[in-house]
Each structure stands twice: as C-alpha cells, then as structure tokens.
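*Asks:* If you scroll down you'll find the structure; I have some questions about it.
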Amino acid sequence: MKSTTKTEPWKAAQPQILGAGTSLQNAYTQNAPGIQAAADSITGLMPSMVQKYQQGDAGTNAARDYNVGVLGGQYLGANPYLDQVVQQAGNDVRNQTLAATGLRGLTGGSSQADLVSRNVANMASNLRYGDYNNERARMATAAGQAPGIAAADYLAITPLLASLQAAQAPLDAAGQYAGSVSGLFGPYSQTRQSSGLLGSLAGMAGLGLQAYGLGAFGGGK
C-alpha cells in the first residue's frame with residue numbers, strides 16, 4: 001500500500017519562487033569563476049607565506065636574540081667603553097683634586113695623594129656600579145618585553161589563517177547557494193509512504209479481528 005502527500009506553494013507565489021531560484025542560480029553561475037580565481041590566487045601565495053612564517057620576521061628574531069642575551073647576563077660587565085670612560089674620568093678627577101688641594105697648600109704632601117686616590121677610586125666604583133645597575137635594569141625591561149616578542153610569532157600566523165579561510169570561498173559560496181535553494185523549495189515536496197506486504201497483512205488481520213468482535217457483540221444480544 002502506498003500513500004502520497006504533495007505540498008505545493010500558493011499558485012500566485014509559484015512564479016516568484018521559481019524566479020528567485022533562477023536568480024540564485026544565475027548569480028552563483030556568474031560569480032563562481034571569479035570566486036574560484038581569487039581562491040586560486042590566495043592558495044598560490046600560501047607556500048611563500050608558510051616559508052615566511054617559518055623563517056620569522058628579521059626584526060622580531062633580532063629582538064628575541066638580544067632579549068635572550070640580556071636575560072642571560074651576556075652584557076653584564078661587557079661594556080667595551082667602560083674602562084676608557086673610567087680612565088678618562090679618573091684623569092679629570094685627579095686633575096681637579098690636585099688643583100683644589102694646591103690652592104689649600106697641600107701640594108706634594110701625603111694628604112694630597114691620599115685625597116686624590118680616594119676621589120679617583122670612588123669615581124671608578126660609582127661608574128662601574130652604575131654600569132652594572134643599568135644592565136640589570138635592561139634585564140628587567142627585557143623580561144617585560146619577552147611576552148610581546150613571543151606573541152609576535154602568533155600574530156605572524158594570522159594572515160596565513162585568514163588565507164586558509166579565503167581559500168574556502170568556493171565551498172562557502174556553493175553551500176550558501178545550496179542552502180538558499182533548499183530554503184525556497186524545501187517546504188514544497190512530495191512524500192510517498194509504503195507499508196509493504198507485512199504491513200498490508202497486519203492491516204487485513206486487524207480488520208478481521210475488528211469484524212469478529214463486532215459479530216461477537218452482535219450475537220450476544
């Protein structure tokens with residue numbers, strides 16, 4: 001046994017629905033080549049984008065290497081100009097101290113030599129401790145910059161992910177086209193139902209039992 005259920009749109013709406021379906025098909029047909037061409041262009045760029053991501057940005061790599069060196073203490077006491085600065089500053093302090101003590105009549109005495117040596121030593125210590133403290137401050141700054149440098153690697157992959165999404169444009173367009181057509185014609189379908197041989201026999205048996213029951217009740221009256 002078969003049953004058929006057919007649902008059709010309102011007759012006045014049929015031309016509009018069919019016209020909308022044709023418009024969808026035409027729009028998809030006209031734009032599909034351009035979408036595919038754009039996707040092919042983006043796909044062609046992806047190998048170079050992957051290679052660039054793997055190599056990393058030169059500036060970011062340099063900043064990372066420098067930060068790693070700073071955090072590892074590579075530049076502590078490594079100022080190539082520090083000794084020269086200390087020597088030049090020592091000469092200046094010595095000359096200034098000799099001139100000042102000479103005005104006080106201490107020229108050539110042990111007091112003058114002791115004062116000169118102390119002033120030069122204090123100046124040298126201050127310069128060296130200052131250089132050390134400056135480098136430790138750079139280490140602290142480098143530690144604060146490390147997360148930002150690490151995040152730069154993830155920022156570099158963002159264009160690649162966007163390219164992957166753009167490469168799927170043809171599939172997205174086809175899916176939208178199929179969904180739109182389904183939305184127009186999906187509600188209007190034809191359904192067939194078949195109970196099969198066993199279903200037919202069961203139906204006939206049910207009818208027989210029903211007739212027997214009615215006869216039984218009728219015979220008792």
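So you can find residues: chains in the structure tokens are A, B, ... in the order shown, residues in each start at 1, and ligands are numbered from 1 in order.
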Quick one: residues within 10 Å of Asn79 (chain A), only C-alpha atoms counted, chain neighbours fewer than 6 positions away excluded, as a list of chain:residue names?
*Replies:*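 Once the adjacent positions are removed, what remains is A:Arg128, A:Asp131, A:Tyr132, A:Glu135.
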*Asks:* Per residue of region 81-174 of chain A within 7 Å of region 50-67 of chain A, which atom pair is closest and at what distance in Å (one decimal), using only C-alpha atoms, listed by chain and increasing number, as a tab-separated table?
*Replies:*
residue	atom	partner	partner_atom	distance
A:Ala142	CA	A:Asn67	CA	5.4
A:Ile149	CA	A:Arg64	CA	6.5
A:Ala156	CA	A:Tyr53	CA	6.4
A:Ile157	CA	A:Tyr53	CA	6.6
*Asks:* Just the number, please: distance in Å from CA of Gln96 (chain A) to CA of Pro80 (chain A), one decimal.
*Replies:*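 We find that CA of Gln96 (chain A) and CA of Pro80 (chain A) lie 25.9 Å from each other.
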